[in-house]
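Asks: Got a structure for you, written out below as structure tokens; questions coming shortly.
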Amino acid sequence: MFYDVGLDDGATQADEDPSASAGTTEWVAAFLAFAAYQTFFAAIASLFVWWEPVSGGSGIPEIKCFLNGIDLPRVVRVKTLLCKVVGVTFSVAAGLPVGKEGPMVHSGAVVAAGISQGKTRFWGVDTSFSKFSDFRNDREKRDFVACGAAAGVCSAFGAPIGGVLFSLEEGASYWSTKLTWRAFFCAMTTLATLFWVRNMDTLWLFSFGEFNILSGESSNFSIWELGLFVIVGCLGGLIGAVFNAANEHLTIWRMKRINHSKFRRFLEVIVVSLIVSVVSFLMPLLWGHCTKIPKDMQEWTNQEKNLIEELIPFGCTPGKEYNEVASLIFTEADTAIKQLFHFREAGADDSSTFSSGALFLFFVPYILTATLTYGIAVPSGLFVPSLLSGAAFGRLFGHLLHKLDHTNGTFADSGTYALMGAAAVLGGMARMTISLTVILLEATGDMQYVLPLMLTLMAARFTGNVFNEGLYDIHIKLKKIPFLEPDVPPIAERNEIVAGQVMSTQVKCLRPVERAGVVYDLLRSCGHGSFPIVDTASGGTLYGTASRYMLCTLLQRRAFGSPDVLEDYDGPQQHLGPRRLSPLVQWDTIERAYPRYPKLSDVDMREGDRNCWLDLRPYANTAPYTVNETASIQRTYRLFRTLGLRFLCVVNHNNQVVGIITRKDLLPEALTDSLLRGRLSHEEADEDGRGML
């Protein structure tokens, strides 16, 4: 390996001087080879994002938006899955401070979405003849994606219950009892599959190792240390908030200067990879201290003895010494985390552990490079970088406590503080509590850490929320995705706002029977997903709604009748009879194309067809969700989000359509604008009234 550069047995500094130039050449050659391989792998990972841009990042923000009811293009396509899985393999191989657990959540969601559809254009598979056709709708697809996210967490951490709770806490916006047992069954199946295809030593993609009680007592910590764990949680929340703020500003800069060009994004990956290579190679050189490998390991567990073999002799005597910083940088991330969790303290000379200086020299550059890396054009996750940097911080905290105590054993072992630090930094970054507690408990397999983890994560969440939001929520807002939070925006709680104030009054309506040319022109003039159908014969009352994909399908199949089947329907008092005025297209035929319905560009509208009649009555949703214009915005918001709606018709007391509300109208910014417009209109009305007096 490039980092396996050490001294021969018995060599001294004096022996090195005559061959200093040769040694320097060896170091330079090792660095160039190391940087070349890392940059090459990073470039390959970036090429997959070039091919499919949606595969970049962790994918968790996109899955959250999808489960919130937002139809993001290509998020759950097979092409995205291929680029995500292969790309993250090269990202991790490139030595970048990224993890593969976040992309596993996205990958599991894509697999679940594909299973729910039973077909894929990428592989040319279609099982429309089977039971899969019953799952081809937005609601079932969303449930399957939530189950896939749970399966991804389970396969990454070996935490089936944690995966279900992660899907509940961070993923699904709409939860039900049926979805609970579906997600549980999916996680159970994932775990059983892992047991079947892999051996127990390498069962999970990521492992915390085996936790043991070291003191011979009931736990590895004292009750009074819970207060110290809360302090660790607060510091971890602060670190997470700083991380989120720095990455937010960096992402804003990228969106202005880099993200608009694929070539610039690719070039950025090369530059960042070179920076990471330089930092990774330079830090162990700056440390320049060799620590002797402990010999007296009679009381050590087999796990600790195996971890000793993973120590890196970077510039030290192989088999006798190791470089503490290099052992954290050049090993696999899960191995480094195990070392921080399980290496025990052995006295004031730190002969068998990581010293304070080494932990600090690793922690600061690593979390800075992780901040720089997240957001570049490679598939990447943040679970492992947060856990690893947090473990280094927590072990540093515990190590300093032992120094203050002169290693008298008053405090818990540094590995326990490393676990709390890992939880604190990850919780401070993602602001997860319930699911992360269970994931960490299932990963450690030790129930003694239940209360410490709960306190640490709650402290990290509260501290981080003082400064900003979680990183996933920040990136959702930066992408200007209309994500609806679980709670009503504060401005709606503080002010009396009604639906009539926030609705859009420019409503595009259709009649129950409409000319094909009118429908075609309406679809060309706007990109709305649904249109209200109003009955002009009854004063414009709401008859139902028609979706865009249904209208395009009817036009493509030329499901309209002759212009002669109806006389003078343009009059306001014309009443329609019960007979059908255009050919009927079976509903199964329309839904068979899901989710790739015909587009308007697929419609061949001839001049002679424009006056033909299109009877929308058999296809209209005659019982759409509506809200009265005087309804409070709190009720409107909860109805919209709970039911997963994409639009909401606003009617008056006569059931006449007066407006439309979309999810963008319910965002805090839109509510603020509506409130300001209402106040300005009231002020103008007051001025007009005073002028008349």
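A note on labels: chains of the structure tokens are A, B, ... as shown, every chain counts residues from 1, and ligands are counted from 1 in their shown order.
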Using DSSP assignments from the backbone, pull out every residue in range 49-136 of chain A that falls under alpha helix (DSSP H) and give it to me as a PyMOL selection string.

Replies: chain A and resi 49-51+60-67+78-93+101-117

Asks: Using the selection just defined, write its residues with N, CA and C atoms as a CSV table (one decimal), in the first residue's frame.

Replies:
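The new file part_24.csv reads:
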```csv
chain,number,residue,atom,x,y,z
A,49,VAL,N,-22.2,10.5,-12.1
A,49,VAL,CA,-23.1,11.6,-11.8
A,49,VAL,C,-23.3,12.4,-13.1
A,50,TRP,N,-22.3,12.5,-13.9
A,50,TRP,CA,-22.4,13.2,-15.2
A,50,TRP,C,-23.5,12.6,-16.0
A,51,TRP,N,-23.5,11.2,-16.0
A,51,TRP,CA,-24.5,10.4,-16.8
A,51,TRP,C,-25.9,10.6,-16.2
A,60,ILE,N,-31.0,11.0,0.3
A,60,ILE,CA,-32.0,11.1,1.3
A,60,ILE,C,-32.9,12.3,1.2
A,61,PRO,N,-32.4,13.5,0.9
A,61,PRO,CA,-33.3,14.6,0.7
A,61,PRO,C,-34.3,14.4,-0.4
A,62,GLU,N,-33.8,13.8,-1.5
A,62,GLU,CA,-34.7,13.5,-2.6
A,62,GLU,C,-35.8,12.5,-2.2
A,63,ILE,N,-35.4,11.5,-1.5
A,63,ILE,CA,-36.4,10.5,-1.1
A,63,ILE,C,-37.4,11.1,-0.1
A,64,LYS,N,-36.9,12.0,0.8
A,64,LYS,CA,-37.9,12.7,1.7
A,64,LYS,C,-38.9,13.5,0.9
A,65,CYS,N,-38.4,14.1,-0.1
A,65,CYS,CA,-39.4,14.9,-1.0
A,65,CYS,C,-40.3,14.0,-1.7
A,66,PHE,N,-39.8,12.9,-2.2
A,66,PHE,CA,-40.7,12.0,-3.0
A,66,PHE,C,-41.8,11.5,-2.0
A,67,LEU,N,-41.4,11.1,-0.8
A,67,LEU,CA,-42.4,10.6,0.1
A,67,LEU,C,-43.3,11.7,0.7
A,78,VAL,N,-34.2,3.0,-12.6
A,78,VAL,CA,-33.2,2.0,-12.6
A,78,VAL,C,-31.8,2.6,-13.0
A,79,LYS,N,-31.8,3.5,-13.9
A,79,LYS,CA,-30.6,4.2,-14.3
A,79,LYS,C,-30.0,4.9,-13.1
A,80,THR,N,-30.8,5.5,-12.3
A,80,THR,CA,-30.3,6.2,-11.1
A,80,THR,C,-29.7,5.2,-10.1
A,81,LEU,N,-30.4,4.0,-10.0
A,81,LEU,CA,-29.8,3.0,-9.1
A,81,LEU,C,-28.5,2.5,-9.5
A,82,LEU,N,-28.3,2.2,-10.8
A,82,LEU,CA,-27.0,1.8,-11.3
A,82,LEU,C,-25.9,2.8,-11.1
A,83,CYS,N,-26.2,4.1,-11.4
A,83,CYS,CA,-25.2,5.1,-11.2
A,83,CYS,C,-24.9,5.3,-9.7
A,84,LYS,N,-25.9,5.2,-8.9
A,84,LYS,CA,-25.7,5.4,-7.4
A,84,LYS,C,-24.8,4.3,-6.8
A,85,VAL,N,-25.1,3.0,-7.1
A,85,VAL,CA,-24.4,1.9,-6.5
A,85,VAL,C,-23.0,1.8,-7.0
A,86,VAL,N,-22.8,1.9,-8.3
A,86,VAL,CA,-21.4,1.8,-8.9
A,86,VAL,C,-20.6,3.1,-8.5
A,87,GLY,N,-21.3,4.2,-8.6
A,87,GLY,CA,-20.6,5.5,-8.3
A,87,GLY,C,-20.1,5.6,-6.9
A,88,VAL,N,-21.0,5.2,-5.9
A,88,VAL,CA,-20.6,5.3,-4.5
A,88,VAL,C,-19.4,4.3,-4.2
A,89,THR,N,-19.4,3.2,-4.9
A,89,THR,CA,-18.3,2.2,-4.8
A,89,THR,C,-16.9,2.9,-5.1
A,90,PHE,N,-16.9,3.7,-6.2
A,90,PHE,CA,-15.7,4.4,-6.5
A,90,PHE,C,-15.4,5.6,-5.6
A,91,SER,N,-16.5,6.2,-5.1
A,91,SER,CA,-16.3,7.3,-4.2
A,91,SER,C,-15.6,6.9,-2.9
A,92,VAL,N,-16.1,5.8,-2.4
A,92,VAL,CA,-15.4,5.2,-1.2
A,92,VAL,C,-14.0,4.8,-1.4
A,93,ALA,N,-13.9,4.1,-2.6
A,93,ALA,CA,-12.5,3.6,-3.0
A,93,ALA,C,-11.5,4.8,-3.2
A,101,GLU,N,-23.7,4.5,3.4
A,101,GLU,CA,-25.0,4.2,4.0
A,101,GLU,C,-26.2,5.0,3.5
A,102,GLY,N,-25.9,6.3,3.3
A,102,GLY,CA,-27.0,7.2,2.7
A,102,GLY,C,-27.4,6.7,1.4
A,103,PRO,N,-26.4,6.5,0.4
A,103,PRO,CA,-26.8,6.0,-0.9
A,103,PRO,C,-27.5,4.6,-0.8
A,104,MET,N,-27.3,3.8,0.3
A,104,MET,CA,-28.0,2.6,0.4
A,104,MET,C,-29.5,2.8,0.6
A,105,VAL,N,-29.8,3.9,1.4
A,105,VAL,CA,-31.2,4.2,1.6
A,105,VAL,C,-31.9,4.6,0.2
A,106,HIS,N,-31.2,5.4,-0.5
A,106,HIS,CA,-31.7,5.7,-1.9
A,106,HIS,C,-31.8,4.5,-2.8
A,107,SER,N,-30.8,3.6,-2.7
A,107,SER,CA,-30.8,2.4,-3.6
A,107,SER,C,-32.0,1.5,-3.2
A,108,GLY,N,-32.2,1.4,-1.9
A,108,GLY,CA,-33.3,0.5,-1.4
A,108,GLY,C,-34.6,1.1,-1.9
A,109,ALA,N,-34.8,2.4,-1.9
A,109,ALA,CA,-36.0,3.0,-2.3
A,109,ALA,C,-36.2,2.8,-3.8
A,110,VAL,N,-35.2,2.9,-4.6
A,110,VAL,CA,-35.3,2.7,-6.0
A,110,VAL,C,-35.7,1.2,-6.3
A,111,VAL,N,-35.1,0.3,-5.6
A,111,VAL,CA,-35.5,-1.1,-5.8
A,111,VAL,C,-36.9,-1.4,-5.4
A,112,ALA,N,-37.4,-0.8,-4.3
A,112,ALA,CA,-38.8,-1.0,-3.9
A,112,ALA,C,-39.7,-0.3,-4.9
A,113,ALA,N,-39.4,0.9,-5.4
A,113,ALA,CA,-40.2,1.5,-6.4
A,113,ALA,C,-40.3,0.6,-7.7
A,114,GLY,N,-39.2,0.0,-8.1
A,114,GLY,CA,-39.2,-0.8,-9.3
A,114,GLY,C,-40.1,-2.1,-9.1
A,115,ILE,N,-40.0,-2.7,-7.8
A,115,ILE,CA,-40.8,-3.8,-7.6
A,115,ILE,C,-42.3,-3.5,-7.6
A,116,SER,N,-42.6,-2.3,-7.0
A,116,SER,CA,-44.0,-2.0,-7.0
A,116,SER,C,-44.6,-1.8,-8.4
A,117,GLN,N,-43.8,-1.4,-9.4
A,117,GLN,CA,-44.3,-1.2,-10.7
A,117,GLN,C,-44.3,-2.5,-11.5
```

Asks: With only C-alpha atoms as the counted atoms, please give the residues lying no more than 12 Å from Ala336 in chain A, apart from itself and same-chain residues fewer than 2 positions off, as a PyMOL selection string.

Replies: chain A and resi 206-209+307-308+310-312+324-334+338-343+354+359+362+384-385+387-392+418

Asks: Could the residues in this selection be written to a file with C-alpha atoms, as a PDB file, in the first residue's frame?

Replies:
```pdb
ATOM      1  CA  PHE A 206     -20.922  -1.248   8.452  1.00  0.00           C
ATOM      2  CA  SER A 207     -20.271  -2.559  11.944  1.00  0.00           C
ATOM      3  CA  PHE A 208     -19.523  -1.021  15.332  1.00  0.00           C
ATOM      4  CA  GLY A 209     -17.916  -4.177  16.615  1.00  0.00           C
ATOM      5  CA  LEU A 307      -7.675  -4.237  15.514  1.00  0.00           C
ATOM      6  CA  ILE A 308      -3.988  -4.055  16.462  1.00  0.00           C
ATOM      7  CA  GLU A 310      -4.987  -2.855  11.310  1.00  0.00           C
ATOM      8  CA  LEU A 311      -2.612  -0.199  12.669  1.00  0.00           C
ATOM      9  CA  ILE A 312      -0.578   1.569   9.973  1.00  0.00           C
ATOM     10  CA  GLU A 324      -1.618   7.129  15.211  1.00  0.00           C
ATOM     11  CA  VAL A 325      -2.930   9.643  12.659  1.00  0.00           C
ATOM     12  CA  ALA A 326      -2.225   7.366   9.696  1.00  0.00           C
ATOM     13  CA  SER A 327      -4.051   4.520  11.455  1.00  0.00           C
ATOM     14  CA  LEU A 328      -7.220   6.645  11.486  1.00  0.00           C
ATOM     15  CA  ILE A 329      -6.864   8.056   7.969  1.00  0.00           C
ATOM     16  CA  PHE A 330      -5.672   5.120   5.880  1.00  0.00           C
ATOM     17  CA  THR A 331      -7.816   2.348   7.350  1.00  0.00           C
ATOM     18  CA  GLU A 332     -11.403   1.743   6.324  1.00  0.00           C
ATOM     19  CA  ALA A 333     -13.865   4.020   8.077  1.00  0.00           C
ATOM     20  CA  ASP A 334     -15.594   1.240  10.003  1.00  0.00           C
ATOM     21  CA  LYS A 338     -13.943   0.333  15.887  1.00  0.00           C
ATOM     22  CA  GLN A 339     -10.479   1.421  16.983  1.00  0.00           C
ATOM     23  CA  LEU A 340     -11.890   4.570  18.550  1.00  0.00           C
ATOM     24  CA  PHE A 341     -14.687   2.622  20.229  1.00  0.00           C
ATOM     25  CA  HIS A 342     -12.741  -0.373  21.526  1.00  0.00           C
ATOM     26  CA  PHE A 343      -9.075   0.512  22.125  1.00  0.00           C
ATOM     27  CA  PHE A 354      -4.675   7.383  20.518  1.00  0.00           C
ATOM     28  CA  LEU A 359      -7.096  12.773  17.778  1.00  0.00           C
ATOM     29  CA  PHE A 362      -7.247  13.885  12.719  1.00  0.00           C
ATOM     30  CA  VAL A 384     -19.949   7.462   8.315  1.00  0.00           C
ATOM     31  CA  PRO A 385     -18.026  10.785   8.135  1.00  0.00           C
ATOM     32  CA  LEU A 387     -19.791   8.985  13.018  1.00  0.00           C
ATOM     33  CA  LEU A 388     -16.026   8.864  12.491  1.00  0.00           C
ATOM     34  CA  SER A 389     -15.390  12.532  13.218  1.00  0.00           C
ATOM     35  CA  GLY A 390     -17.774  12.353  16.179  1.00  0.00           C
ATOM     36  CA  ALA A 391     -16.020   9.266  17.530  1.00  0.00           C
ATOM     37  CA  ALA A 392     -12.680  11.089  17.355  1.00  0.00           C
ATOM     38  CA  ALA A 418     -16.341   7.975  21.564  1.00  0.00           C
TER      39      ALA A 418
END
```

Asks: List as a ChimeraX atom specification the protein and nucleic acid residues near Leu614 in chain A, meaning an atom at most 8 Å away when only C-alpha atoms are counted, but skip any in the same chain fewer than 3 places from it.

Replies: /A:513-516,559-561,581-582

Asks: Take the residues that were just selected and, keeping C-alpha atoms, output them as a JSON list (two decimals), in the first residue's frame.

Replies:
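Result file follows (again_9.json):
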```json
[["chain", "number", "residue", "atom", "x", "y", "z"],
["A", 513, "VAL", "CA", -68.15, 18.26, -22.45],
["A", 514, "GLU", "CA", -65.49, 20.31, -24.17],
["A", 515, "ARG", "CA", -64.16, 20.76, -27.67],
["A", 516, "ALA", "CA", -60.89, 18.90, -28.36],
["A", 559, "ALA", "CA", -61.48, 9.62, -27.91],
["A", 560, "PHE", "CA", -63.74, 12.43, -29.10],
["A", 561, "GLY", "CA", -67.03, 12.47, -30.95],
["A", 581, "LEU", "CA", -70.99, 11.88, -26.60],
["A", 582, "SER", "CA", -67.56, 10.41, -27.37]]
```

Asks: At what distance in Å, to one decimal, does CA of Met283 in chain A lie from CA of Phe266 in chain A?

Replies: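 Taking CA of Phe266 in chain A and CA of Met283 in chain A, their separation equals 26.1 Å.
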
Asks: Give me the residues near Phe211 in chain A as a ChimeraX atom specification, where near means some atom within 8 Å (using only C-alpha atoms) and where sequence neighbours in that chain fewer than 4 positions away do not count.

Replies: /A:342,444-446

Asks: Hey, what's within 9 Å of Ile439 in chain A if we count only C-alpha atoms and toss same-chain stuff fewer than 2 positions away? As a PDB file with C-alpha atoms, in the first residue's frame, please?

Replies:
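Saved as out_18.pdb:
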```pdb
ATOM      1  CA  VAL A 153     -30.894   1.233   6.655  1.00  0.00           C
ATOM      2  CA  CYS A 154     -31.261  -2.393   7.716  1.00  0.00           C
ATOM      3  CA  PHE A 157     -26.303  -1.091   9.818  1.00  0.00           C
ATOM      4  CA  GLY A 158     -28.036  -4.400  10.520  1.00  0.00           C
ATOM      5  CA  ALA A 159     -30.781  -2.422  12.272  1.00  0.00           C
ATOM      6  CA  PRO A 160     -34.239  -3.555  11.098  1.00  0.00           C
ATOM      7  CA  ILE A 161     -36.230  -1.730  13.783  1.00  0.00           C
ATOM      8  CA  GLY A 162     -34.058   1.336  13.366  1.00  0.00           C
ATOM      9  CA  GLY A 163     -34.721   1.194   9.638  1.00  0.00           C
ATOM     10  CA  LEU A 165     -38.212   4.129  12.587  1.00  0.00           C
ATOM     11  CA  PHE A 166     -35.889   5.985  10.201  1.00  0.00           C
ATOM     12  CA  ILE A 434     -35.690   8.186  17.853  1.00  0.00           C
ATOM     13  CA  SER A 435     -34.473   6.322  14.793  1.00  0.00           C
ATOM     14  CA  LEU A 436     -30.805   7.129  15.413  1.00  0.00           C
ATOM     15  CA  THR A 437     -31.041   5.928  19.013  1.00  0.00           C
ATOM     16  CA  LEU A 441     -28.394   0.449  19.899  1.00  0.00           C
ATOM     17  CA  GLU A 442     -28.897  -2.285  17.325  1.00  0.00           C
ATOM     18  CA  ALA A 443     -25.430  -1.615  15.909  1.00  0.00           C
ATOM     19  CA  THR A 444     -23.776  -1.860  19.340  1.00  0.00           C
TER      20      THR A 444
END
```

Asks: Residues at most 8 Å from Ser273 in chain A, counting only C-alpha atoms, excluding those fewer than 4 positions away in the same chain, as an MDAnalysis selection string?

Replies: chainID A and resid 35 38:39 42 94 96 269 277

Asks: Give me the residues near Leu510 in chain A as an MDAnalysis selection string, where near means some atom within 10 Å (using only C-alpha atoms) and where sequence neighbours in that chain fewer than 5 positions away do not count.

Replies: chainID A and resid 515 518:519 522 531:536 543:546 616

Asks: Under the rule that only C-alpha atoms are counted, which of A:Gly470, A:Gly315, A:Gly227, A:Gly357 is the nearest residue to Ala30 in chain A?

Replies: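 Checking each candidate against Ala30 in chain A, we get A:Gly315 as the closest.
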
Asks: Where in range 285-534 of chain A does DSSP assign strand (DSSP E), given as a ChimeraX atom specification?

Replies: /A:290-292,321-323,513-515,530-534

Asks: Using only C-alpha atoms, which residues of range 428-542 of chain A come within 12 Å of range 669-672 of chain A, and what is the closest atom pair for each, with the distance in Å to one decimal? Give it as a tab-separated table, sorted by chain and residue number.

Replies:
```
residue	atom	partner	partner_atom	distance
A:Lys477	CA	A:Glu669	CA	11.4
A:Lys480	CA	A:Glu669	CA	11.2
A:Pro482	CA	A:Glu669	CA	10.6
A:Val488	CA	A:Leu671	CA	10.9
A:Pro489	CA	A:Leu671	CA	8.6
A:Pro490	CA	A:Leu671	CA	10.0
A:Ile491	CA	A:Thr672	CA	7.1
A:Ala492	CA	A:Leu671	CA	7.3
A:Glu493	CA	A:Leu671	CA	11.0
A:Arg494	CA	A:Thr672	CA	11.3
A:Asn495	CA	A:Thr672	CA	10.0
A:Glu496	CA	A:Leu671	CA	11.0
A:Ile497	CA	A:Leu671	CA	8.4
A:Val498	CA	A:Leu671	CA	10.2
A:Ala499	CA	A:Leu671	CA	10.3
A:Gly500	CA	A:Leu671	CA	11.6
A:Gln501	CA	A:Leu671	CA	8.7
A:Val502	CA	A:Leu671	CA	6.6
A:Met503	CA	A:Leu671	CA	10.0
A:Ser504	CA	A:Ala670	CA	11.1
```

Asks: Could you write those residues out with N, CA and C atoms, as a JSON list (two decimals), in the first residue's frame?

Replies:
```json
[["chain", "number", "residue", "atom", "x", "y", "z"],
["A", 477, "LYS", "N", -34.36, 23.05, 0.96],
["A", 477, "LYS", "CA", -34.73, 24.45, 0.76],
["A", 477, "LYS", "C", -33.83, 25.14, -0.26],
["A", 480, "LYS", "N", -35.01, 24.70, -3.57],
["A", 480, "LYS", "CA", -36.33, 25.32, -3.77],
["A", 480, "LYS", "C", -37.41, 24.28, -4.08],
["A", 482, "PRO", "N", -40.75, 22.47, -2.95],
["A", 482, "PRO", "CA", -41.87, 22.84, -2.06],
["A", 482, "PRO", "C", -42.21, 21.73, -1.06],
["A", 488, "VAL", "N", -47.62, 23.22, 11.00],
["A", 488, "VAL", "CA", -48.06, 24.41, 10.28],
["A", 488, "VAL", "C", -47.02, 25.52, 10.46],
["A", 489, "PRO", "N", -46.68, 26.26, 9.40],
["A", 489, "PRO", "CA", -45.70, 27.35, 9.54],
["A", 489, "PRO", "C", -46.08, 28.31, 10.65],
["A", 490, "PRO", "N", -45.10, 28.81, 11.39],
["A", 490, "PRO", "CA", -45.41, 29.71, 12.52],
["A", 490, "PRO", "C", -46.21, 30.94, 12.13],
["A", 491, "ILE", "N", -45.99, 31.47, 10.93],
["A", 491, "ILE", "CA", -46.73, 32.67, 10.54],
["A", 491, "ILE", "C", -48.22, 32.40, 10.44],
["A", 492, "ALA", "N", -48.58, 31.15, 10.10],
["A", 492, "ALA", "CA", -49.99, 30.80, 10.04],
["A", 492, "ALA", "C", -50.58, 30.64, 11.43],
["A", 493, "GLU", "N", -49.76, 30.25, 12.39],
["A", 493, "GLU", "CA", -50.24, 30.12, 13.76],
["A", 493, "GLU", "C", -50.41, 31.48, 14.42],
["A", 494, "ARG", "N", -49.58, 32.45, 14.05],
["A", 494, "ARG", "CA", -49.61, 33.75, 14.70],
["A", 494, "ARG", "C", -50.65, 34.70, 14.11],
["A", 495, "ASN", "N", -51.07, 34.44, 12.88],
["A", 495, "ASN", "CA", -51.99, 35.35, 12.20],
["A", 495, "ASN", "C", -53.23, 34.61, 11.71],
["A", 496, "GLU", "N", -54.30, 35.33, 11.60],
["A", 496, "GLU", "CA", -55.55, 34.76, 11.09],
["A", 496, "GLU", "C", -55.55, 34.86, 9.57],
["A", 497, "ILE", "N", -55.22, 33.75, 8.92],
["A", 497, "ILE", "CA", -55.18, 33.69, 7.46],
["A", 497, "ILE", "C", -56.19, 32.65, 7.01],
["A", 498, "VAL", "N", -56.95, 32.96, 5.98],
["A", 498, "VAL", "CA", -57.95, 32.04, 5.45],
["A", 498, "VAL", "C", -57.52, 31.60, 4.06],
["A", 499, "ALA", "N", -58.16, 30.54, 3.57],
["A", 499, "ALA", "CA", -57.80, 29.97, 2.28],
["A", 499, "ALA", "C", -57.97, 30.98, 1.15],
["A", 500, "GLY", "N", -58.96, 31.83, 1.25],
["A", 500, "GLY", "CA", -59.19, 32.80, 0.20],
["A", 500, "GLY", "C", -58.06, 33.79, 0.02],
["A", 501, "GLN", "N", -57.22, 33.97, 1.04],
["A", 501, "GLN", "CA", -56.11, 34.91, 0.94],
["A", 501, "GLN", "C", -54.90, 34.33, 0.23],
["A", 502, "VAL", "N", -54.73, 33.02, 0.28],
["A", 502, "VAL", "CA", -53.52, 32.40, -0.28],
["A", 502, "VAL", "C", -53.78, 31.72, -1.61],
["A", 503, "MET", "N", -55.02, 31.53, -2.00],
["A", 503, "MET", "CA", -55.33, 30.79, -3.23],
["A", 503, "MET", "C", -54.95, 31.61, -4.46],
["A", 504, "SER", "N", -54.77, 30.90, -5.57],
["A", 504, "SER", "CA", -54.56, 31.52, -6.86],
["A", 504, "SER", "C", -55.92, 31.65, -7.55]]
```

Asks: Between CA of Arg557 in chain A and CA of Tyr619 in chain A, what is the spacing in Å?

Replies: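 According to the coordinates, CA of Tyr619 in chain A and CA of Arg557 in chain A are separated by 14.1 Å.
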